[in-house]
>>> print(open('structure.txt').read())   # compact mmCIF, C-alpha atoms
# COMPACT_ATOMS: atom_id res chain seq x y z
CA MET A 1 119.40 93.82 48.94
CA ARG A 2 117.78 96.95 50.34
CA SER A 3 114.34 95.46 49.75
CA VAL A 4 115.31 92.33 51.63
CA ALA A 5 116.48 94.42 54.57
CA GLY A 6 113.18 96.26 54.41
CA GLY A 7 111.33 92.97 54.49
CA VAL A 8 113.28 91.79 57.49
CA ALA A 9 112.55 95.07 59.24
CA LEU A 10 108.86 94.66 58.48
CA LEU A 11 108.85 91.12 59.83
CA THR A 12 110.65 92.24 62.95
CA LEU A 13 108.19 95.08 63.41
CA GLY A 14 105.27 92.73 62.84
CA LEU A 15 106.56 90.32 65.44
CA THR A 16 107.78 92.75 68.06
CA SER A 17 104.61 94.81 67.99
CA CYS A 18 102.86 91.60 69.01
CA GLN A 19 104.17 91.54 72.49
CA VAL A 20 101.20 91.86 74.78
CA ASP A 21 103.82 90.93 77.30
CA GLY A 22 103.34 91.42 80.99
CA GLY A 23 106.52 89.44 81.59
CA GLU A 24 106.90 86.35 83.71
CA GLY A 25 106.58 85.60 87.37
CA TYR A 26 106.80 82.58 89.66
CA VAL A 27 104.45 80.23 91.41
CA GLU A 28 105.77 78.43 94.46
CA ILE A 29 103.74 75.41 95.51
CA LYS A 30 104.33 73.67 98.82
CA ALA A 31 102.58 70.48 99.83
CA VAL A 32 101.76 69.78 103.45
CA PRO A 33 102.77 67.18 104.42
CA ALA A 34 105.73 67.16 102.03
CA SER A 35 105.14 63.50 101.30
CA ALA A 36 101.57 64.06 100.13
CA ALA A 37 101.16 62.80 96.59
CA VAL A 38 98.43 65.16 95.41
CA PRO A 39 98.06 65.25 91.62
CA LEU A 40 98.14 68.94 90.71
CA TYR A 41 97.24 70.74 87.51
CA LEU A 42 97.94 74.31 86.42
CA ASP A 43 95.50 75.36 83.72
CA GLN A 44 94.71 71.68 83.14
CA VAL A 45 98.34 70.73 82.57
CA LYS A 46 99.51 68.09 85.02
CA LEU A 47 102.53 68.99 87.11
CA GLU A 48 105.42 66.64 87.76
CA PRO A 49 105.28 65.20 91.29
CA LEU A 50 106.65 67.79 93.73
CA ARG A 51 110.28 67.24 94.77
CA ASN A 52 110.44 67.23 98.56
CA GLY A 53 106.96 68.69 98.58
CA ASN A 54 108.08 71.83 96.81
CA ALA A 55 107.94 73.29 93.31
CA LEU A 56 108.89 76.63 91.83
CA LEU A 57 107.46 77.28 88.40
CA ARG A 58 107.98 80.09 85.96
CA ARG A 59 104.70 81.27 84.44
CA LYS A 60 103.53 84.03 82.13
CA SER A 61 101.94 86.90 84.03
CA GLY A 62 98.20 86.54 84.40
CA THR A 63 95.87 84.23 86.22
CA THR A 64 96.14 80.48 86.32
CA LYS A 65 93.90 77.84 87.89
CA LEU A 66 95.28 75.31 90.33
CA GLU A 67 93.28 72.08 90.28
CA THR A 68 93.52 68.54 91.56
CA GLY A 69 92.10 65.20 90.51
CA LEU A 70 93.03 61.66 89.66
CA ASP A 71 91.32 61.91 86.32
CA ALA A 72 92.24 64.86 84.07
CA SER A 73 88.68 65.04 82.80
CA LYS A 74 87.27 65.53 86.30
CA LEU A 75 89.36 68.18 87.99
CA ALA A 76 88.39 69.89 91.21
CA PRO A 77 89.42 73.55 91.50
CA LEU A 78 91.68 74.43 94.42
CA CYS A 79 92.21 78.15 93.83
CA THR A 80 93.16 80.79 91.30
CA ILE A 81 96.73 82.07 91.23
CA GLU A 82 97.63 85.52 90.02
CA VAL A 83 101.13 85.67 88.58
CA ARG A 84 102.78 89.08 88.41
CA LYS A 85 105.97 90.11 86.68
CA ASN A 86 109.12 89.17 88.64
CA ARG A 87 107.13 88.29 91.74
CA ILE A 88 106.47 85.02 93.54
CA THR A 89 103.00 83.86 94.42
CA SER A 90 103.16 81.28 97.18
CA VAL A 91 100.54 78.61 97.59
CA THR A 92 100.38 75.78 100.12
CA VAL A 93 98.37 72.71 99.22
CA SER A 94 97.24 71.10 102.41
CA ALA A 95 96.42 67.44 102.13
CA THR A 96 95.97 66.62 105.79
CA GLY A 97 92.25 65.87 105.54
CA SER A 98 90.38 63.85 102.96
CA VAL A 99 90.16 66.82 100.60
CA ALA A 100 93.13 68.86 99.39
CA ARG A 101 92.87 72.56 100.12
CA CYS A 102 94.72 75.61 98.89
CA GLN A 103 96.13 78.20 101.28
CA CYS A 104 97.43 81.45 99.88
CA GLY A 105 100.57 83.16 101.17
CA ARG A 106 98.64 86.32 100.35
CA SER A 107 95.17 86.52 98.90
CA SER A 108 93.00 89.15 97.29
CA GLY A 109 89.49 89.73 98.57
CA ALA A 110 87.69 87.73 101.15
CA GLN A 111 86.71 84.72 99.07
CA THR A 112 87.20 81.30 100.55
CA GLY A 113 87.56 77.78 99.18
CA PRO A 114 88.23 77.30 95.47
CA GLU A 115 87.01 80.84 94.82
CA ARG A 116 90.00 82.40 96.51
CA THR A 117 92.73 84.08 94.49
CA CYS A 118 96.33 83.93 95.64
CA ILE A 119 98.46 86.92 94.75
CA GLY A 120 102.19 87.59 94.88
CA MET B 1 88.88 89.57 75.93
CA ILE B 2 91.12 92.59 75.36
CA THR B 3 94.15 90.32 75.29
CA SER B 4 92.61 88.02 72.74
CA ALA B 5 91.57 90.98 70.58
CA LEU B 6 95.11 92.35 70.78
CA SER B 7 96.57 88.95 70.00
CA ALA B 8 94.33 88.64 66.93
CA GLY B 9 95.56 92.04 65.75
CA CYS B 10 99.14 91.00 66.36
CA ILE B 11 98.75 87.76 64.49
CA HIS B 12 97.39 89.67 61.51
CA ARG B 13 100.30 92.11 61.61
CA ALA B 14 102.85 89.32 61.86
CA TRP B 15 101.22 87.41 58.99
CA PHE B 16 101.13 90.56 56.89
CA ALA B 17 104.82 91.21 57.54
CA ALA B 18 105.72 87.57 56.87
CA ALA B 19 103.76 87.61 53.60
CA LEU B 20 105.59 90.79 52.52
CA LEU B 21 108.91 89.20 53.38
CA ALA B 22 108.02 86.10 51.38
CA LEU B 23 107.16 88.30 48.37
CA VAL B 24 110.44 90.19 48.65
CA ALA B 25 112.43 86.99 49.00
CA ALA B 26 110.67 85.46 45.99
CA ALA B 27 111.43 88.53 43.91
CA ALA B 28 115.14 88.33 44.68
CA PRO B 29 115.88 84.60 44.65
CA GLY B 30 118.97 83.65 46.53
CA ALA B 31 119.56 87.16 47.76
CA LEU B 32 118.42 86.51 51.31
CA PHE B 33 120.91 83.73 51.94
CA ALA B 34 123.47 84.64 49.29
CA GLN B 35 126.11 85.65 51.82
CA ALA B 36 125.48 82.83 54.24
CA GLU B 37 128.27 80.28 54.47
CA PRO B 38 127.10 76.72 54.06
CA LYS B 39 127.04 75.39 57.62
CA ALA B 40 128.02 71.96 58.77
CA ALA B 41 125.32 69.88 60.46
CA PRO B 42 124.98 71.01 64.07
CA GLU B 43 126.97 68.92 66.48
CA LEU B 44 124.80 66.45 68.26
CA ARG B 45 124.76 67.53 71.89
CA THR B 46 123.76 65.25 74.68
CA ALA B 47 121.80 66.40 77.72
CA ASP B 48 124.92 66.36 79.90
CA ASP B 49 126.95 68.45 77.40
CA GLU B 50 124.15 70.95 77.15
CA PHE B 51 123.71 71.01 80.94
CA SER B 52 127.42 71.75 81.41
CA ARG B 53 127.31 74.49 78.78
CA GLN B 54 124.23 76.15 80.29
CA LEU B 55 125.64 75.78 83.79
CA ASN B 56 128.80 77.61 82.71
CA GLU B 57 126.69 80.38 81.24
CA LEU B 58 124.68 80.58 84.46
CA LYS B 59 127.89 80.83 86.48
CA GLN B 60 128.91 83.78 84.34
CA THR B 61 125.52 85.35 85.17
CA PHE B 62 126.18 84.72 88.89
CA SER B 63 129.43 86.57 88.61
CA ASP B 64 127.87 89.55 86.80
CA LEU B 65 124.93 89.71 89.17
CA SER B 66 127.08 89.48 92.27
CA LYS B 67 128.79 92.68 91.13
CA LYS B 68 125.46 94.28 90.23
CA PHE B 69 124.05 93.45 93.71
CA GLN B 70 127.09 95.04 95.38
CA ASP B 71 126.65 98.19 93.28
CA SER B 72 122.94 98.23 93.97
CA ALA B 73 123.45 97.90 97.74
CA GLN B 74 125.88 100.83 97.62
CA SER B 75 123.57 103.05 95.62
CA ILE B 76 120.54 102.17 97.78
CA ASP B 77 122.60 103.14 100.83
CA ARG B 78 123.19 106.58 99.31
CA LEU B 79 119.69 107.19 97.99
CA GLU B 80 117.65 109.83 99.69
CA SER B 81 114.53 109.55 97.61
CA ALA B 82 112.16 106.70 98.43
CA GLU B 83 110.79 106.69 94.88
CA ALA B 84 114.24 106.25 93.35
CA ALA B 85 115.01 103.44 95.78
CA ARG B 86 111.71 101.78 94.92
CA ASN B 87 112.76 101.78 91.25
CA GLU B 88 116.09 100.27 92.23
CA ILE B 89 114.29 97.47 94.08
CA GLU B 90 112.08 96.84 91.07
CA GLU B 91 115.19 96.52 88.90
CA LEU B 92 116.72 94.12 91.40
CA ARG B 93 113.59 91.99 91.29
CA GLY B 94 114.13 91.73 87.55
CA HIS B 95 117.68 90.41 88.06
CA VAL B 96 116.67 87.93 90.76
CA GLY B 97 113.72 86.87 88.60
CA ARG B 98 116.06 86.02 85.72
CA LEU B 99 118.20 83.87 88.00
CA LEU B 100 115.14 82.05 89.26
CA GLY B 101 114.02 81.57 85.68
CA ALA B 102 117.01 79.33 85.04
CA VAL B 103 116.68 77.23 88.18
CA ALA B 104 112.88 76.97 88.37
CA ASP B 105 111.42 73.47 87.88
CA ASN B 106 110.52 74.37 84.32
CA GLY B 107 113.65 76.50 83.82
CA THR B 108 116.29 75.69 81.21
CA VAL B 109 119.23 74.80 83.43
CA TRP B 110 117.18 72.82 85.90
CA SER B 111 115.40 70.80 83.20
CA LEU B 112 118.72 70.01 81.52
CA GLY B 113 120.19 68.94 84.86
CA VAL B 114 117.33 66.53 85.46
CA LYS B 115 117.70 65.16 81.91
CA ALA B 116 121.47 64.80 82.30
CA LEU B 117 120.97 62.91 85.55
CA SER B 118 118.47 60.50 84.06
CA ARG B 119 120.82 59.94 81.08
CA ALA B 120 123.67 59.07 83.46
CA GLU B 121 121.38 56.65 85.31
CA GLU B 122 120.26 55.00 82.07
CA LYS B 123 123.85 54.72 80.83
CA LEU B 124 124.92 53.06 84.07
CA LYS B 125 122.08 50.56 83.83
CA SER B 126 122.84 49.68 80.24
CA LEU B 127 126.61 49.45 80.82
CA GLU B 128 126.10 47.10 83.72
CA GLN B 129 124.26 44.74 81.38
CA GLU B 130 126.85 45.15 78.62
CA THR B 131 128.67 41.93 77.70
CA ARG B 132 130.69 42.95 74.62
CA TYR B 133 133.54 44.80 76.38
CA LYS B 134 136.48 43.48 78.35
CA PRO B 135 135.77 43.65 82.12
CA GLU B 136 138.42 46.36 82.67
CA ASP B 137 137.03 48.47 79.80
CA LYS B 138 133.51 48.07 81.11
CA ALA B 139 134.66 48.99 84.63
CA PHE B 140 136.38 52.09 83.27
CA LEU B 141 133.21 53.27 81.48
CA ILE B 142 131.05 52.57 84.53
CA GLU B 143 133.43 54.48 86.78
CA ARG B 144 133.42 57.52 84.49
CA TRP B 145 129.62 57.56 84.28
CA ARG B 146 129.39 57.18 88.07
CA GLU B 147 131.63 60.21 88.48
CA LEU B 148 129.50 62.16 86.02
CA LYS B 149 126.32 61.15 87.87
CA VAL B 150 127.73 62.21 91.24
CA ALA B 151 128.90 65.56 89.80
CA THR B 152 125.49 66.16 88.20
CA GLU B 153 123.68 65.34 91.45
CA SER B 154 125.95 67.71 93.30
CA ALA B 155 125.34 70.54 90.78
CA ILE B 156 121.59 69.95 91.03
CA ARG B 157 121.77 70.16 94.84
CA GLU B 158 123.63 73.47 94.60
CA LEU B 159 121.06 74.79 92.16
CA GLU B 160 118.30 73.73 94.53
CA GLY B 161 119.97 75.74 97.31
CA ALA B 162 120.35 78.72 94.97
CA ARG B 163 116.69 78.48 94.08
CA ARG B 164 115.68 78.56 97.75
CA ASP B 165 117.94 81.54 98.49
CA PHE B 166 116.79 83.56 95.50
CA ALA B 167 113.13 82.76 96.03
CA ASP B 168 113.56 84.09 99.60
CA LEU B 169 115.33 87.20 98.33
CA LEU B 170 112.64 87.86 95.71
CA ARG B 171 109.95 87.45 98.37
CA ARG B 172 111.78 89.85 100.65
CA LEU B 173 112.18 92.42 97.87
CA GLN B 174 108.54 92.27 96.86
CA THR B 175 107.32 92.52 100.46
CA SER B 176 109.59 95.51 101.11
CA GLU B 177 108.45 97.14 97.90
CA ASP B 178 104.80 96.73 98.93
CA PHE B 179 105.53 98.12 102.40
CA ILE B 180 107.36 101.09 100.89
CA ASP B 181 104.36 101.73 98.64
CA GLU B 182 102.09 101.70 101.67
CA LEU B 183 104.40 104.12 103.50
CA LEU B 184 104.55 106.45 100.50
CA GLN B 185 100.77 106.49 100.33
CA ILE B 186 100.69 107.95 103.83
CA ARG B 187 103.69 110.21 103.07
CA GLU B 188 106.01 108.47 105.48
CA HIS B 189 109.08 109.07 103.32
CA GLN B 190 111.59 108.87 106.14
CA ARG B 191 110.26 105.51 107.35
CA ALA B 192 110.28 104.25 103.76
CA LEU B 193 113.94 105.20 103.46
CA GLU B 194 114.72 103.29 106.65
CA VAL B 195 113.07 100.17 105.20
CA ILE B 196 115.08 100.59 102.02
CA HIS B 197 118.37 101.01 103.83
CA GLY B 198 117.52 97.95 105.92
CA LEU B 199 117.40 95.93 102.71
CA THR B 200 121.01 96.50 101.78
CA ASP B 201 122.27 93.78 104.13
CA GLY B 202 120.05 91.24 102.41
CA ILE B 203 121.28 92.36 99.00
CA ARG B 204 124.93 92.20 100.06
CA ASP B 205 124.25 88.76 101.50
CA ALA B 206 122.81 87.68 98.14
CA SER B 207 125.93 88.95 96.42
CA GLU B 208 128.10 86.90 98.79
CA LYS B 209 125.97 83.82 98.21
CA LEU B 210 126.40 84.21 94.47
CA LYS B 211 130.17 84.44 94.88
CA LYS B 212 130.13 81.32 97.04
CA LEU B 213 128.01 79.47 94.50
CA LEU B 214 130.53 80.29 91.81
CA GLY B 215 133.12 78.41 93.84
CA THR B 216 130.93 75.46 94.83
CA ILE B 217 129.05 74.59 91.66
CA LYS B 218 131.28 72.31 89.65
CA THR B 219 130.50 71.72 86.02
CA PRO B 220 129.99 67.95 85.55
CA GLY B 221 132.61 66.44 83.26
CA ALA B 222 134.88 69.48 83.45
>>> encode(input="structure.txt", output="structure tokens")
Amino acid sequence: MRSVAGGVALLTLGLTSCQVDGGEGYVEIKAVPASAAVPLYLDQVKLEPLRNGNALLRRKSGTTKLETGLDASKLAPLCTIEVRKNRITSVTVSATGSVARCQCGRSSGAQTGPERTCIG
Amino acid sequence: MITSALSAGCIHRAWFAAALLALVAAAAPGALFAQAEPKAAPELRTADDEFSRQLNELKQTFSDLSKKFQDSAQSIDRLESAEAARNEIEELRGHVGRLLGAVADNGTVWSLGVKALSRAEEKLKSLEQETRYKPEDKAFLIERWRELKVATESAIRELEGARRDFADLLRRLQTSEDFIDELLQIREHQRALEVIHGLTDGIRDASEKLKKLLGTIKTPGA
């Protein structure tokens, strides 16, 4: 019985020491206009259509790419989003012109266009 | 790169531990589960049952957090060290973050709510085409499902409001925390304390909103 408990402890230790965890944060995406049906992808995973032009998504901390495109094999980058633990990174996707653009609530550096990184 | 190297190390450790456990379990057959009672098959839960259960759990969290926010507002009011207050704000962000986690688009409670709603809609459609039951029995079933659908829609609307409020609060906390950091960098401790004390109204307001939510969110089917 003691050896089994030891084994369980080892397994627990093996698993818990794995956590390279920076926690989770949130990405808030707003579409302008709210009715714009822009197909959006986060790290190549398609998002459900935004409800009332708004989505709040929980994500692992780290960077994630926001992209758009009708065909998943030909995605156009919009911007990079940095997710930080228990913080919200806000992004507005503007679809008023012919091309969708990403506007950061707050951005790092002076990059523009798809090179920009939104931070929370 | 570092992350992937760490992950590889972790995977090896976990495999090693799992392999050891398998060896131990094989050496003592039956010992690992010897004291476990044979369990009945888990009850099949539908999306609406699960939504109601999770919603009740979330309401309990609202109640606990409302109290925690009140306490936090009081202690922030009394704090005279900007660093300590900054830590308090960071802790608060953790609590608000957990709430948001449940009601985010990919959060547990929200996803279950959406599933429960689509189940109610499907049930209504299929019942309307049902021909086996007596008209009064069919009408009874349809009425009950309509009630459930309306209650689920209402709970989802409340959760949507909660999401907006708590996203705003989290944004406010993180902005204040950043501003306090900036002030501390230029040794403006007094100004930082003023910013912190100015936050307490927002925190108390959040506590009140949580209390209100407890009263307004009705568990569908309850």
>>> closest_residue(input="structure.txt", among="A:Lys60, A:Lys30, A:Lys65, A:Lys46", to="Pro77 of chain A", atoms="all atoms listed in the file")
A:Lys65
>>> residues_around(input="structure.txt", residues="segment 39-44 of chain A", least_positions_apart="4", cutoff="8 Å", atoms="all atoms listed in the file", output="mmCIF file with C-alpha atoms, in the coordinates of the input")
data_model
loop_
_atom_site.group_PDB
_atom_site.id
_atom_site.type_symbol
_atom_site.label_atom_id
_atom_site.label_comp_id
_atom_site.auth_asym_id
_atom_site.auth_seq_id
_atom_site.Cartn_x
_atom_site.Cartn_y
_atom_site.Cartn_z
ATOM 1 C CA PRO A 49 105.280 65.200 91.290
ATOM 2 C CA THR A 64 96.140 80.480 86.320
ATOM 3 C CA LYS A 65 93.900 77.840 87.890
ATOM 4 C CA LEU A 66 95.280 75.310 90.330
ATOM 5 C CA GLU A 67 93.280 72.080 90.280
ATOM 6 C CA THR A 68 93.520 68.540 91.560
ATOM 7 C CA GLY A 69 92.100 65.200 90.510
ATOM 8 C CA LEU A 70 93.030 61.660 89.660
ATOM 9 C CA ALA A 72 92.240 64.860 84.070
#
>>> closest_residue(input="structure.txt", among="B:Leu214, B:Ala104, B:Ile156, B:Ala84", to="chain A", atoms="all atoms listed in the file")
B:Ala104
>>> residues_around(input="structure.txt", residues="Asp168 of chain B", least_positions_apart="4", cutoff="12 Å", atoms="all atoms listed in the file", output="number ranges by chain")
A: 28, 56, 87-90; B: 93, 96-97, 100, 161-164, 172-175, 202-203, 205-206
>>> closest_residue(input="structure.txt", among="B:Val195, B:Val150, B:Leu183, B:Leu169", to="chain A", atoms="all atoms listed in the file")
B:Leu169
>>> decode(input="structure.txt", residues="segment 92-106 of chain B", atoms="N, CA and C atoms", output="PDB file, in the first residue's frame")
ATOM      1  N   LEU B  92      -6.875  40.884  -6.609  1.00  0.00           N
ATOM      2  CA  LEU B  92      -8.236  41.140  -7.097  1.00  0.00           C
ATOM      3  C   LEU B  92      -8.377  40.774  -8.573  1.00  0.00           C
ATOM      4  N   ARG B  93      -7.342  41.097  -9.337  1.00  0.00           N
ATOM      5  CA  ARG B  93      -7.377  40.744 -10.767  1.00  0.00           C
ATOM      6  C   ARG B  93      -7.533  39.239 -10.939  1.00  0.00           C
ATOM      7  N   GLY B  94      -6.899  38.500 -10.049  1.00  0.00           N
ATOM      8  CA  GLY B  94      -7.016  37.041 -10.092  1.00  0.00           C
ATOM      9  C   GLY B  94      -8.460  36.609  -9.882  1.00  0.00           C
ATOM     10  N   HIS B  95      -9.144  37.239  -8.904  1.00  0.00           N
ATOM     11  CA  HIS B  95     -10.544  36.874  -8.628  1.00  0.00           C
ATOM     12  C   HIS B  95     -11.443  37.238  -9.805  1.00  0.00           C
ATOM     13  N   VAL B  96     -11.263  38.462 -10.310  1.00  0.00           N
ATOM     14  CA  VAL B  96     -12.113  38.905 -11.431  1.00  0.00           C
ATOM     15  C   VAL B  96     -11.830  38.018 -12.653  1.00  0.00           C
ATOM     16  N   GLY B  97     -10.554  37.674 -12.833  1.00  0.00           N
ATOM     17  CA  GLY B  97     -10.177  36.816 -13.954  1.00  0.00           C
ATOM     18  C   GLY B  97     -10.893  35.477 -13.900  1.00  0.00           C
ATOM     19  N   ARG B  98     -11.024  34.914 -12.686  1.00  0.00           N
ATOM     20  CA  ARG B  98     -11.698  33.615 -12.556  1.00  0.00           C
ATOM     21  C   ARG B  98     -13.168  33.723 -12.931  1.00  0.00           C
ATOM     22  N   LEU B  99     -13.779  34.844 -12.534  1.00  0.00           N
ATOM     23  CA  LEU B  99     -15.192  35.057 -12.893  1.00  0.00           C
ATOM     24  C   LEU B  99     -15.343  35.128 -14.404  1.00  0.00           C
ATOM     25  N   LEU B 100     -14.443  35.902 -15.007  1.00  0.00           N
ATOM     26  CA  LEU B 100     -14.505  36.064 -16.465  1.00  0.00           C
ATOM     27  C   LEU B 100     -14.287  34.733 -17.164  1.00  0.00           C
ATOM     28  N   GLY B 101     -13.445  33.899 -16.544  1.00  0.00           N
ATOM     29  CA  GLY B 101     -13.151  32.595 -17.126  1.00  0.00           C
ATOM     30  C   GLY B 101     -14.416  31.782 -17.338  1.00  0.00           C
ATOM     31  N   ALA B 102     -15.361  31.913 -16.428  1.00  0.00           N
ATOM     32  CA  ALA B 102     -16.605  31.134 -16.548  1.00  0.00           C
ATOM     33  C   ALA B 102     -17.524  31.706 -17.619  1.00  0.00           C
ATOM     34  N   VAL B 103     -17.533  33.029 -17.753  1.00  0.00           N
ATOM     35  CA  VAL B 103     -18.511  33.631 -18.666  1.00  0.00           C
ATOM     36  C   VAL B 103     -17.912  34.061 -20.006  1.00  0.00           C
ATOM     37  N   ALA B 104     -16.622  33.776 -20.216  1.00  0.00           N
ATOM     38  CA  ALA B 104     -16.015  34.089 -21.520  1.00  0.00           C
ATOM     39  C   ALA B 104     -16.674  33.214 -22.591  1.00  0.00           C
ATOM     40  N   ASP B 105     -16.518  33.593 -23.856  1.00  0.00           N
ATOM     41  CA  ASP B 105     -17.153  32.835 -24.942  1.00  0.00           C
ATOM     42  C   ASP B 105     -16.735  31.365 -24.937  1.00  0.00           C
ATOM     43  N   ASN B 106     -15.483  31.122 -24.537  1.00  0.00           N
ATOM     44  CA  ASN B 106     -15.046  29.728 -24.477  1.00  0.00           C
ATOM     45  C   ASN B 106     -14.986  29.236 -23.026  1.00  0.00           C
TER      46      ASN B 106
END
